[in-house]
$ cat data23.txt   # compact mmCIF, C-alpha atoms and all ligand atoms
# COMPACT_ATOMS: atom_id res chain seq x y z
CA MET M 123 -38.83 -55.30 -40.81
CA SER M 124 -42.02 -57.24 -41.52
CA ARG M 125 -44.26 -58.04 -38.58
CA ALA M 126 -46.95 -60.61 -37.97
CA VAL M 127 -49.69 -61.19 -35.44
CA GLY M 128 -48.18 -62.71 -32.29
CA ASP M 129 -44.76 -61.04 -32.64
CA LEU M 130 -43.41 -59.59 -29.40
CA VAL M 131 -42.79 -55.85 -29.23
CA ARG M 132 -40.70 -53.84 -26.83
CA VAL M 133 -39.97 -50.15 -27.28
CA VAL M 134 -38.73 -47.26 -25.17
CA ALA M 135 -39.09 -43.50 -25.75
CA PRO M 136 -37.52 -40.85 -23.52
CA GLY M 137 -39.02 -37.65 -22.15
CA ARG M 138 -37.04 -34.46 -22.61
CA VAL M 139 -35.89 -31.43 -20.71
CA ASN M 140 -35.25 -28.18 -22.53
CA LEU M 141 -32.05 -26.49 -21.34
CA ILE M 142 -32.75 -23.26 -23.20
CA GLY M 143 -34.86 -21.94 -26.10
CA ASP M 144 -38.53 -22.01 -25.14
CA HIS M 145 -41.38 -20.83 -27.35
CA THR M 146 -39.00 -20.64 -30.28
CA ASP M 147 -39.73 -23.89 -32.11
CA TYR M 148 -42.97 -22.81 -33.79
CA THR M 149 -41.27 -19.62 -35.02
CA GLY M 150 -38.46 -21.42 -36.88
CA GLY M 151 -36.04 -20.55 -34.06
CA LEU M 152 -33.39 -22.35 -31.99
CA ALA M 153 -33.55 -24.57 -28.89
CA LEU M 154 -31.29 -26.89 -26.90
CA PRO M 155 -33.31 -29.75 -25.38
CA MET M 156 -32.00 -33.18 -24.46
CA ALA M 157 -33.65 -36.58 -24.23
CA ILE M 158 -33.53 -37.77 -20.62
CA ASP M 159 -33.22 -41.04 -18.73
CA LEU M 160 -36.89 -40.94 -17.76
CA GLY M 161 -39.05 -42.55 -20.40
CA THR M 162 -42.03 -44.61 -21.50
CA THR M 163 -41.80 -48.33 -22.26
CA ILE M 164 -44.34 -50.47 -24.09
CA GLU M 165 -44.18 -54.25 -24.00
CA GLY M 166 -46.74 -56.09 -26.04
CA VAL M 167 -47.82 -58.44 -28.79
CA VAL M 168 -48.81 -57.58 -32.37
CA GLN M 169 -52.59 -57.90 -32.90
CA ALA M 170 -54.63 -58.04 -36.10
CA ASP M 171 -56.85 -55.02 -35.82
CA ARG M 172 -57.03 -53.44 -32.35
CA VAL M 173 -54.88 -51.39 -30.05
CA MET M 174 -55.36 -52.37 -26.44
CA LEU M 175 -52.89 -50.83 -24.02
CA ARG M 176 -53.01 -50.88 -20.24
CA SER M 177 -51.05 -48.33 -18.26
CA VAL M 178 -49.89 -48.98 -14.74
CA ASP M 179 -50.73 -45.31 -14.01
CA GLN M 180 -54.26 -45.24 -15.42
CA ALA M 181 -57.44 -46.94 -14.24
CA GLU M 182 -58.87 -47.49 -17.71
CA PRO M 183 -57.10 -48.99 -20.73
CA ALA M 184 -56.75 -47.37 -24.13
CA ASP M 185 -58.80 -49.71 -26.31
CA LEU M 186 -59.45 -48.69 -29.89
CA ALA M 187 -59.92 -49.86 -33.43
CA LEU M 188 -57.40 -49.04 -36.17
CA SER M 189 -59.79 -46.70 -37.97
CA ILE M 190 -60.80 -43.69 -35.92
CA ASP M 191 -62.24 -40.40 -37.11
CA ASP M 192 -61.58 -38.09 -34.17
CA PRO M 193 -58.94 -39.03 -31.58
CA ALA M 194 -59.80 -35.92 -29.52
CA VAL M 195 -63.05 -37.44 -28.24
CA LEU M 196 -61.65 -40.79 -27.08
CA GLU M 197 -62.02 -41.89 -23.45
CA PRO M 198 -60.16 -42.24 -21.15
CA SER M 199 -58.32 -39.05 -22.08
CA TRP M 200 -54.87 -40.67 -22.29
CA ALA M 201 -56.25 -42.84 -25.12
CA ARG M 202 -56.37 -39.66 -27.24
CA TYR M 203 -52.59 -39.67 -27.59
CA VAL M 204 -52.67 -43.33 -28.57
CA GLY M 205 -55.52 -42.59 -30.98
CA GLY M 206 -53.68 -39.58 -32.41
CA VAL M 207 -50.79 -41.85 -33.41
CA VAL M 208 -53.13 -44.48 -34.88
CA HIS M 209 -54.91 -41.71 -36.81
CA GLU M 210 -51.66 -40.40 -38.33
CA LEU M 211 -49.80 -43.70 -38.81
CA ARG M 212 -52.69 -45.85 -40.10
CA PRO M 213 -50.79 -49.02 -39.14
CA PRO M 214 -51.63 -52.36 -40.83
CA PHE M 215 -51.54 -54.15 -37.45
CA GLY M 216 -52.52 -53.33 -33.89
CA VAL M 217 -50.84 -54.14 -30.60
CA SER M 218 -51.83 -55.19 -27.11
CA GLY M 219 -49.65 -54.69 -24.09
CA THR M 220 -48.55 -52.62 -21.13
CA VAL M 221 -47.37 -49.02 -20.87
CA ARG M 222 -45.00 -47.97 -18.10
CA THR M 223 -43.52 -44.53 -17.67
CA THR M 224 -40.99 -42.94 -15.39
CA VAL M 225 -41.72 -39.47 -16.84
CA PRO M 226 -43.79 -37.46 -14.36
CA ILE M 227 -47.11 -36.94 -16.14
CA GLY M 228 -48.13 -33.43 -17.21
CA SER M 229 -45.09 -31.71 -15.69
CA GLY M 230 -43.41 -30.22 -18.72
CA LEU M 231 -41.05 -33.16 -19.35
CA SER M 232 -42.97 -34.33 -22.42
CA SER M 233 -44.75 -37.34 -20.98
CA SER M 234 -47.22 -37.14 -23.87
CA ALA M 235 -44.50 -36.98 -26.54
CA SER M 236 -42.75 -39.99 -25.04
CA LEU M 237 -46.05 -41.91 -25.04
CA GLU M 238 -46.71 -40.95 -28.68
CA LEU M 239 -43.27 -42.03 -29.85
CA ALA M 240 -43.51 -45.30 -27.93
CA VAL M 241 -46.92 -46.03 -29.46
CA ALA M 242 -45.69 -45.22 -32.98
CA LEU M 243 -42.72 -47.59 -32.61
CA ALA M 244 -44.89 -50.28 -31.00
CA LEU M 245 -47.18 -50.02 -34.05
CA GLY M 246 -44.23 -50.61 -36.37
CA PHE M 247 -43.19 -47.10 -37.45
CA GLU M 248 -39.98 -47.22 -39.43
CA GLY M 249 -38.13 -44.16 -40.60
CA ALA M 250 -35.77 -41.35 -39.71
CA PRO M 251 -36.04 -39.48 -36.39
CA LEU M 252 -37.38 -36.36 -38.12
CA ALA M 253 -40.18 -38.34 -39.81
CA LEU M 254 -41.07 -39.95 -36.47
CA ALA M 255 -41.14 -36.52 -34.83
CA GLU M 256 -43.32 -35.03 -37.58
CA LEU M 257 -45.82 -37.87 -37.34
CA THR M 258 -46.07 -37.73 -33.56
CA GLN M 259 -46.29 -33.90 -33.55
CA ARG M 260 -49.37 -34.22 -35.77
CA ALA M 261 -50.69 -36.91 -33.39
CA GLU M 262 -50.27 -34.54 -30.41
CA GLN M 263 -52.04 -31.75 -32.28
CA VAL M 264 -55.06 -33.87 -33.25
CA ALA M 265 -55.23 -35.45 -29.79
CA SER M 266 -54.96 -32.27 -27.74
CA GLY M 267 -56.10 -29.53 -30.10
CA VAL M 268 -53.00 -27.51 -29.11
CA PRO M 269 -50.91 -26.19 -32.05
CA CYS M 270 -47.67 -27.40 -30.46
CA GLY M 271 -44.27 -27.18 -32.11
CA ILE M 272 -42.02 -30.15 -32.85
CA MET M 273 -39.31 -29.75 -30.19
CA ASP M 274 -40.60 -32.35 -27.72
CA GLN M 275 -41.12 -35.10 -30.27
CA LEU M 276 -37.84 -34.34 -32.06
CA ALA M 277 -35.89 -34.44 -28.78
CA SER M 278 -37.39 -37.82 -27.92
CA ALA M 279 -36.70 -39.14 -31.43
CA ALA M 280 -33.18 -37.76 -31.95
CA GLY M 281 -31.65 -38.13 -28.47
CA VAL M 282 -27.91 -38.86 -28.20
CA GLU M 283 -26.40 -40.20 -25.00
CA GLY M 284 -24.31 -37.58 -23.19
CA HIS M 285 -25.41 -34.79 -25.55
CA ALA M 286 -27.91 -31.97 -25.66
CA LEU M 287 -29.42 -31.29 -29.08
CA LEU M 288 -29.02 -27.93 -30.81
CA MET M 289 -32.12 -27.65 -33.00
CA ASN M 290 -32.70 -25.18 -35.80
CA PHE M 291 -36.41 -25.22 -36.60
CA THR M 292 -35.94 -23.43 -39.93
CA THR M 293 -33.50 -25.96 -41.39
CA MET M 294 -34.63 -28.81 -39.07
CA HIS M 295 -30.96 -29.55 -38.48
CA VAL M 296 -30.10 -31.23 -35.16
CA GLU M 297 -26.54 -30.96 -33.86
CA PRO M 298 -25.51 -32.93 -30.76
CA VAL M 299 -23.62 -30.78 -28.23
CA PRO M 300 -21.70 -32.65 -25.50
CA VAL M 301 -22.88 -32.02 -21.94
CA PRO M 302 -19.76 -31.02 -19.94
CA ALA M 303 -18.67 -33.70 -17.48
CA ASP M 304 -19.02 -31.40 -14.48
CA ALA M 305 -22.51 -30.20 -15.43
CA THR M 306 -25.33 -31.63 -13.35
CA ILE M 307 -28.87 -31.10 -14.64
CA VAL M 308 -31.70 -31.23 -12.13
CA VAL M 309 -35.41 -30.93 -12.81
CA ILE M 310 -37.61 -29.74 -9.94
CA HIS M 311 -41.40 -29.57 -9.93
CA SER M 312 -42.88 -26.23 -8.88
CA GLY M 313 -45.72 -28.01 -7.10
CA GLN M 314 -48.14 -26.34 -9.50
CA GLU M 315 -49.86 -28.63 -11.96
CA ARG M 316 -49.75 -27.16 -15.42
CA ALA M 317 -52.96 -25.24 -15.98
CA LEU M 318 -54.83 -25.82 -19.22
CA ALA M 319 -52.14 -24.16 -21.27
CA GLY M 320 -53.78 -24.82 -24.65
CA THR M 321 -55.53 -21.49 -25.16
CA ALA M 322 -52.65 -19.35 -23.91
CA TYR M 323 -50.20 -21.41 -25.98
CA GLY M 324 -52.25 -20.80 -29.13
CA GLU M 325 -52.38 -17.07 -28.33
CA ARG M 326 -48.59 -16.90 -27.93
CA ARG M 327 -48.11 -18.69 -31.22
CA ALA M 328 -50.55 -16.35 -32.99
CA ALA M 329 -48.77 -13.29 -31.55
CA CYS M 330 -45.44 -14.56 -32.94
CA GLU M 331 -47.05 -15.10 -36.35
CA THR M 332 -48.37 -11.52 -36.30
CA ALA M 333 -44.87 -10.27 -35.47
CA ALA M 334 -43.32 -12.31 -38.28
CA ALA M 335 -45.93 -10.96 -40.72
CA HIS M 336 -44.65 -7.45 -39.86
CA ILE M 337 -40.89 -7.94 -39.67
CA GLY M 338 -40.19 -11.23 -41.44
CA PRO M 339 -38.81 -14.49 -39.99
CA LEU M 340 -37.96 -13.93 -36.31
CA LEU M 341 -34.76 -16.00 -36.59
CA ASP M 342 -33.31 -13.27 -38.85
CA ALA M 343 -34.88 -10.30 -37.08
CA THR M 344 -32.80 -7.61 -35.37
CA ALA M 345 -33.45 -5.81 -32.09
CA GLU M 346 -34.12 -2.66 -34.14
CA SER M 347 -36.85 -4.25 -36.24
CA VAL M 348 -38.46 -5.68 -33.07
CA ALA M 349 -38.34 -2.26 -31.40
CA ALA M 350 -40.26 -0.83 -34.37
CA ILE M 351 -43.29 -3.10 -33.81
CA GLU M 352 -46.09 -0.78 -32.71
CA ASP M 353 -48.30 -3.07 -30.64
CA PRO M 354 -46.59 -3.36 -27.22
CA MET M 355 -47.80 -6.92 -26.57
CA ILE M 356 -46.67 -8.20 -29.99
CA ARG M 357 -43.38 -6.35 -29.51
CA ARG M 358 -42.73 -8.08 -26.16
CA ARG M 359 -43.52 -11.52 -27.58
CA ALA M 360 -41.18 -10.96 -30.53
CA ARG M 361 -38.46 -9.57 -28.24
CA HIS M 362 -38.56 -12.76 -26.19
CA VAL M 363 -38.16 -14.95 -29.27
CA VAL M 364 -35.38 -12.90 -30.84
CA THR M 365 -33.38 -12.59 -27.60
CA GLU M 366 -34.02 -16.27 -26.75
CA ASN M 367 -32.55 -17.38 -30.08
CA GLN M 368 -29.41 -15.40 -29.25
CA ARG M 369 -29.33 -16.92 -25.75
CA VAL M 370 -29.38 -20.40 -27.31
CA ARG M 371 -26.32 -19.50 -29.41
CA ASP M 372 -24.54 -17.98 -26.41
CA PHE M 373 -25.43 -20.90 -24.13
CA VAL M 374 -24.06 -23.42 -26.65
CA ALA M 375 -20.81 -21.43 -26.89
CA ALA M 376 -20.51 -21.38 -23.08
CA PHE M 377 -21.32 -25.11 -22.86
CA ARG M 378 -18.69 -25.93 -25.47
CA ALA M 379 -16.15 -23.83 -23.54
CA GLY M 380 -17.10 -25.55 -20.27
CA ASP M 381 -18.08 -22.13 -18.84
CA LEU M 382 -21.00 -23.20 -16.67
CA ALA M 383 -21.18 -19.91 -14.75
CA THR M 384 -21.92 -18.05 -17.98
CA ALA M 385 -24.34 -20.77 -19.14
CA GLY M 386 -26.17 -20.42 -15.83
CA ARG M 387 -26.47 -16.64 -16.14
CA ILE M 388 -27.95 -17.09 -19.61
CA MET M 389 -30.56 -19.50 -18.17
CA ALA M 390 -31.56 -16.92 -15.56
CA ALA M 391 -31.95 -14.31 -18.32
CA SER M 392 -34.11 -16.75 -20.28
CA HIS M 393 -36.41 -17.18 -17.30
CA ALA M 394 -36.76 -13.41 -16.90
CA SER M 395 -37.66 -13.07 -20.57
CA LEU M 396 -40.24 -15.87 -20.37
CA ARG M 397 -41.67 -14.17 -17.27
CA ASP M 398 -41.66 -10.52 -18.39
CA ASP M 399 -41.88 -10.53 -22.19
CA PHE M 400 -43.57 -13.83 -23.00
CA GLU M 401 -45.66 -13.98 -19.80
CA VAL M 402 -45.78 -17.76 -19.43
CA SER M 403 -44.35 -18.01 -15.92
CA THR M 404 -46.28 -18.21 -12.67
CA GLY M 405 -45.71 -17.23 -9.03
CA PRO M 406 -44.63 -20.73 -7.95
CA LEU M 407 -42.22 -21.04 -10.92
CA ASP M 408 -40.70 -17.60 -10.20
CA ALA M 409 -40.34 -18.37 -6.47
CA LEU M 410 -38.63 -21.69 -7.19
CA VAL M 411 -36.21 -20.13 -9.69
CA THR M 412 -35.37 -17.33 -7.23
CA ARG M 413 -34.71 -19.82 -4.44
CA LEU M 414 -32.53 -22.01 -6.66
CA LEU M 415 -30.52 -19.04 -7.97
CA GLY M 416 -29.69 -18.21 -4.34
CA THR M 417 -28.52 -21.76 -3.55
CA PRO M 418 -24.73 -22.37 -3.45
CA GLY M 419 -23.52 -24.51 -6.36
CA VAL M 420 -26.45 -23.63 -8.64
CA HIS M 421 -25.20 -21.97 -11.84
CA GLY M 422 -28.61 -21.18 -13.26
CA ALA M 423 -32.30 -22.11 -13.36
CA ARG M 424 -35.32 -21.43 -15.54
CA LEU M 425 -38.77 -22.74 -16.25
CA THR M 426 -38.65 -25.47 -18.90
CA GLY M 427 -41.21 -26.23 -21.60
CA ALA M 428 -44.41 -24.33 -22.17
CA GLY M 429 -44.65 -22.79 -18.68
CA PHE M 430 -47.94 -22.09 -16.85
CA GLY M 431 -46.78 -24.44 -14.06
CA GLY M 432 -44.78 -27.66 -14.17
CA CYS M 433 -41.02 -27.90 -13.85
CA VAL M 434 -37.87 -25.82 -13.55
CA VAL M 435 -34.49 -26.98 -14.87
CA ALA M 436 -31.32 -26.13 -12.94
CA LEU M 437 -27.67 -26.37 -13.99
CA THR M 438 -25.57 -27.14 -10.94
CA GLU M 439 -22.29 -28.38 -9.57
CA PRO M 440 -22.46 -32.09 -8.73
CA GLY M 441 -24.32 -32.61 -5.45
CA ALA M 442 -25.53 -29.01 -5.05
CA LEU M 443 -29.21 -30.04 -4.83
CA THR M 444 -30.82 -32.97 -3.06
CA GLU M 445 -34.32 -32.35 -4.45
CA GLY M 446 -35.90 -33.14 -7.81
CA TRP M 447 -34.73 -35.51 -10.52
CA THR M 448 -31.09 -35.49 -11.63
CA VAL M 449 -31.33 -36.33 -15.33
CA HIS M 450 -28.79 -37.48 -17.90
CA ALA M 451 -28.79 -37.01 -21.66
CA SER M 452 -30.02 -40.22 -23.25
CA ALA M 453 -30.45 -42.01 -26.56
CA GLY M 454 -33.61 -41.40 -28.57
CA ALA M 455 -36.68 -43.61 -28.91
CA HIS M 456 -35.96 -47.12 -30.16
CA ALA M 457 -37.19 -50.67 -30.34
CA VAL M 458 -35.49 -53.11 -27.98
CA PRO M 459 -34.84 -56.63 -29.29
CA VAL M 460 -37.03 -59.24 -27.55
C1 LIG J 501 -44.41 -27.27 -25.43
C2 LIG J 501 -44.55 -27.57 -26.91
C3 LIG J 501 -43.22 -27.39 -27.64
C4 LIG J 501 -42.60 -26.04 -27.33
C5 LIG J 501 -42.60 -25.78 -25.82
C6 LIG J 501 -42.13 -24.39 -25.49
O1 LIG J 501 -43.58 -28.20 -24.80
O2 LIG J 501 -45.02 -28.88 -27.12
O3 LIG J 501 -43.40 -27.56 -29.03
O4 LIG J 501 -43.25 -25.01 -28.03
O5 LIG J 501 -43.88 -25.96 -25.25
O6 LIG J 501 -40.79 -24.23 -25.84

$ encode --input "data23.txt" --output "structure tokens" --more "lines below"
Ligand code: GLA
Amino acid sequence: MSRAVGDLVRVVAPGRVNLIGDHTDYTGGLALPMAIDLGTTIEGVVQADRVMLRSVDQAEPADLALSIDDPAVLEPSWARYVGGVVHELRPPFGVSGTVRTTVPIGSGLSSSASLELAVALALGFEGAPLALAELTQRAEQVASGVPCGIMDQLASAAGVEGHALLMNFTTMHVEPVPVPADATIVVIHSGQERALAGTAYGERRAACETAAAHIGPLLDATAESVAAIEDPMIRRRARHVVTENQRVRDFVAAFRAGDLATAGRIMAASHASLRDDFEVSTGPLDALVTRLLGTPGVHGARLTGAGFGGCVVALTEPGALTEGWTVHASAGAHAVPV
């Protein structure tokens, strides 16, 4: 679709919650996130050669030219995500307008991914969901300096209403899996802001790469080959990834069978593995998961996303919890006709 200066633009991009499969995406593994009904909207007008976005949540606007060398140094800091997209997309036109989000910022629900996808669409990106996710993943990496995987951006791009998304990060295949009608998904903040997770995230990724250099792709690895890794830290990291991939498969089977009790037990096992083997949980996240697992009507709970603070996701009977955000699986990022 051709665009011209003065055209109106309206786009929306959802955040995501990951039901199971954390710290697997950058190892070519499996995950089951879903796009949620909390998202970022941009309403604006096409401009010749600037991007000028105001956010209702930020004091300073993101105001930048279309040619930028290093998005990571832009101020205010939220402009880095906007700049990252401009840097990767190199759009022929700019945009001015307003950003609004219902995604809690910096909580592990991919507020930054939803902003990146909204900016890319507002700047006229056209293409398949995977191409949008690849572009915005690169934008996140140049903006934040964190070597993140593609799960968050792909969930926001490929969302399907009423469905979670089974992702295989070796084949990049995405298979929608219906969310059972009696499954309620609640996201609860631990009260702990996510600490600067960048360094620890990079270390986890490097440990997985070391493991794969020893035993081959972790998606194909067996428990025996993991047990043979000599370094105890590398062995624990690999054990998390290999067992987490199997938990994704088992969770999907339970979801398809409508067996929410089993799905919930698998979530609790995932949290324990993220806590003990991958070491990305925290005291507040553990305490919240323990409390939720002891609450009637809660099938399961686990930290969601990178960890180091932020949110927990719980699978519950309808009405079991009165706290947090009850989220529903939503469509992916898209332009809205104006
Ligand atoms: C962050 C990253 C994702 C993924 C998760 C952990 O959200 O952006 O790519 O690695 O952590 O599953």

$ atom_distance --input "data23.txt" --atom1 "CA of Pro302 in chain M" --atom2 "CA of Phe377 in chain M"
6.8 Å

$ residues_around --input "data23.txt" --residues "Asp191 in chain M" --least-positions-apart "5" --cutoff "12 Å" --atoms "only C-alpha atoms" --output "PDB file with C-alpha atoms, keeping the file's coordinate frame"
ATOM      1  CA  LEU M 186     -59.450 -48.690 -29.890  1.00  0.00           C
ATOM      2  CA  LEU M 196     -61.650 -40.790 -27.080  1.00  0.00           C
ATOM      3  CA  ARG M 202     -56.370 -39.660 -27.240  1.00  0.00           C
ATOM      4  CA  GLY M 205     -55.520 -42.590 -30.980  1.00  0.00           C
ATOM      5  CA  GLY M 206     -53.680 -39.580 -32.410  1.00  0.00           C
ATOM      6  CA  VAL M 208     -53.130 -44.480 -34.880  1.00  0.00           C
ATOM      7  CA  HIS M 209     -54.910 -41.710 -36.810  1.00  0.00           C
ATOM      8  CA  GLU M 210     -51.660 -40.400 -38.330  1.00  0.00           C
ATOM      9  CA  ARG M 212     -52.690 -45.850 -40.100  1.00  0.00           C
ATOM     10  CA  VAL M 264     -55.060 -33.870 -33.250  1.00  0.00           C
ATOM     11  CA  ALA M 265     -55.230 -35.450 -29.790  1.00  0.00           C
TER      12      ALA M 265
END

$ closest_atom_pairs --input "data23.txt" --of "chain M" --to "ligand LIG 501 (chain J)" --cutoff "9 Å" --atoms "only C-alpha atoms and all ligand atoms" --output "CSV"
residue,atom,partner,partner_atom,distance
M:Asn140,CA,J:LIG501,O6,7.6
M:Ile142,CA,J:LIG501,O6,8.5
M:Gly143,CA,J:LIG501,O6,6.4
M:Asp144,CA,J:LIG501,O6,3.2
M:His145,CA,J:LIG501,O6,3.8
M:Thr146,CA,J:LIG501,O6,6.0
M:Asp147,CA,J:LIG501,O4,5.5
M:Tyr148,CA,J:LIG501,O4,6.2
M:Ala153,CA,J:LIG501,O6,7.9
M:Gly230,CA,J:LIG501,O1,6.4
M:Leu231,CA,J:LIG501,O1,7.8
M:Ser232,CA,J:LIG501,O1,6.6
M:Ala235,CA,J:LIG501,O2,8.1
M:Gln259,CA,J:LIG501,O2,8.3
M:Glu262,CA,J:LIG501,O2,8.4
M:Val268,CA,J:LIG501,O2,8.3
M:Pro269,CA,J:LIG501,O2,8.1
M:Cys270,CA,J:LIG501,O3,4.5
M:Gly271,CA,J:LIG501,O3,3.2
M:Ile272,CA,J:LIG501,O3,4.8
M:Met273,CA,J:LIG501,O3,4.8
M:Asp274,CA,J:LIG501,C3,5.6
M:Gln275,CA,J:LIG501,O3,8.0
M:Tyr323,CA,J:LIG501,O5,7.8
M:Arg327,CA,J:LIG501,O4,8.6
M:Thr426,CA,J:LIG501,O6,7.4
M:Gly427,CA,J:LIG501,C6,4.4
M:Ala428,CA,J:LIG501,O5,3.5
M:Gly429,CA,J:LIG501,O5,7.3

$ write_last_selection --input "data23.txt" --atoms "C-alpha atoms" --output "short mmCIF file (atom, residue, chain, number, x, y, z; two decimals), in the coordinates of the input"
data_model
loop_
_atom_site.label_atom_id
_atom_site.label_comp_id
_atom_site.auth_asym_id
_atom_site.auth_seq_id
_atom_site.Cartn_x
_atom_site.Cartn_y
_atom_site.Cartn_z
CA ASN M 140 -35.25 -28.18 -22.53
CA ILE M 142 -32.75 -23.26 -23.20
CA GLY M 143 -34.86 -21.94 -26.10
CA ASP M 144 -38.53 -22.01 -25.14
CA HIS M 145 -41.38 -20.83 -27.35
CA THR M 146 -39.00 -20.64 -30.28
CA ASP M 147 -39.73 -23.89 -32.11
CA TYR M 148 -42.97 -22.81 -33.79
CA ALA M 153 -33.55 -24.57 -28.89
CA GLY M 230 -43.41 -30.22 -18.72
CA LEU M 231 -41.05 -33.16 -19.35
CA SER M 232 -42.97 -34.33 -22.42
CA ALA M 235 -44.50 -36.98 -26.54
CA GLN M 259 -46.29 -33.90 -33.55
CA GLU M 262 -50.27 -34.54 -30.41
CA VAL M 268 -53.00 -27.51 -29.11
CA PRO M 269 -50.91 -26.19 -32.05
CA CYS M 270 -47.67 -27.40 -30.46
CA GLY M 271 -44.27 -27.18 -32.11
CA ILE M 272 -42.02 -30.15 -32.85
CA MET M 273 -39.31 -29.75 -30.19
CA ASP M 274 -40.60 -32.35 -27.72
CA GLN M 275 -41.12 -35.10 -30.27
CA TYR M 323 -50.20 -21.41 -25.98
CA ARG M 327 -48.11 -18.69 -31.22
CA THR M 426 -38.65 -25.47 -18.90
CA GLY M 427 -41.21 -26.23 -21.60
CA ALA M 428 -44.41 -24.33 -22.17
CA GLY M 429 -44.65 -22.79 -18.68
#

$ atom_distance --input "data23.txt" --atom1 "CA of Leu237 in chain M" --atom2 "CA of Ala322 in chain M"
23.5 Å

$ closest_atom_pairs --input "data23.txt" --of "range 278-343 of chain M" --to "range 440-447 of chain M" --cutoff "12 Å" --atoms "all atoms listed in the file" --output "CSV"
residue,atom,partner,partner_atom,distance
M:Pro302,CA,M:Pro440,CA,11.6
M:Ala303,CA,M:Pro440,CA,9.7
M:Asp304,CA,M:Pro440,CA,6.7
M:Ala305,CA,M:Pro440,CA,7.0
M:Thr306,CA,M:Pro440,CA,5.5
M:Ile307,CA,M:Trp447,CA,8.4
M:Val308,CA,M:Trp447,CA,5.5
M:Val309,CA,M:Trp447,CA,5.2
M:Ile310,CA,M:Gly446,CA,4.4
M:His311,CA,M:Gly446,CA,6.9
M:Ser312,CA,M:Gly446,CA,9.9
M:Gly313,CA,M:Gly446,CA,11.1

$ atom_distance --input "data23.txt" --atom1 "CA of Gly137 in chain M" --atom2 "CA of Thr292 in chain M"
23.0 Å

$ residues_around --input "data23.txt" --residues "Asp179 in chain M" --least-positions-apart "6" --cutoff "12 Å" --atoms "all atoms listed in the file" --output "ChimeraX atom specification"
/M:162,200,220-227

$ closest_residue --input "data23.txt" --among "M:Asp192, M:Glu283, M:Glu325, M:Asp129" --to "Val449 in chain M" --atoms "all atoms listed in the file"
M:Glu283

$ residues_around --input "data23.txt" --residues "Ile388 in chain M" --least-positions-apart "2" --cutoff "9 Å" --atoms "all atoms listed in the file" --output "MDAnalysis selection string"
chainID M and resid 142 369:370 372:373 383:386 390:393 422

$ closest_residue --input "data23.txt" --among "M:Ala157, M:Met174, M:Val434, M:Val363" --to "Thr404 in chain M" --atoms "all atoms listed in the file"
M:Val434

$ closest_residue --input "data23.txt" --among "M:Ala244, M:Leu152, M:Ala453, M:Met389" --to "His295 in chain M" --atoms "only C-alpha atoms"
M:Leu152

$ closest_residue --input "data23.txt" --among "M:Gln368, M:Ser395, M:Gln169, M:Ser452" --to "Val301 in chain M" --atoms "all atoms listed in the file"
M:Ser452

$ residues_around --input "data23.txt" --residues "Glu238 in chain M" --least-positions-apart "6" --cutoff "7 Å" --atoms "only C-alpha atoms" --output "PyMOL selection string"
chain M and resi 203-204+207+258

$ residues_around --input "data23.txt" --residues "Glu182 in chain M" --least-positions-apart "4" --cutoff "12 Å" --atoms "all atoms listed in the file" --output "list of chain:residue names"
M:Met174, M:Leu175, M:Arg176, M:Ser177, M:Val178, M:Leu196, M:Glu197, M:Pro198, M:Ser199, M:Trp200, M:Ala201
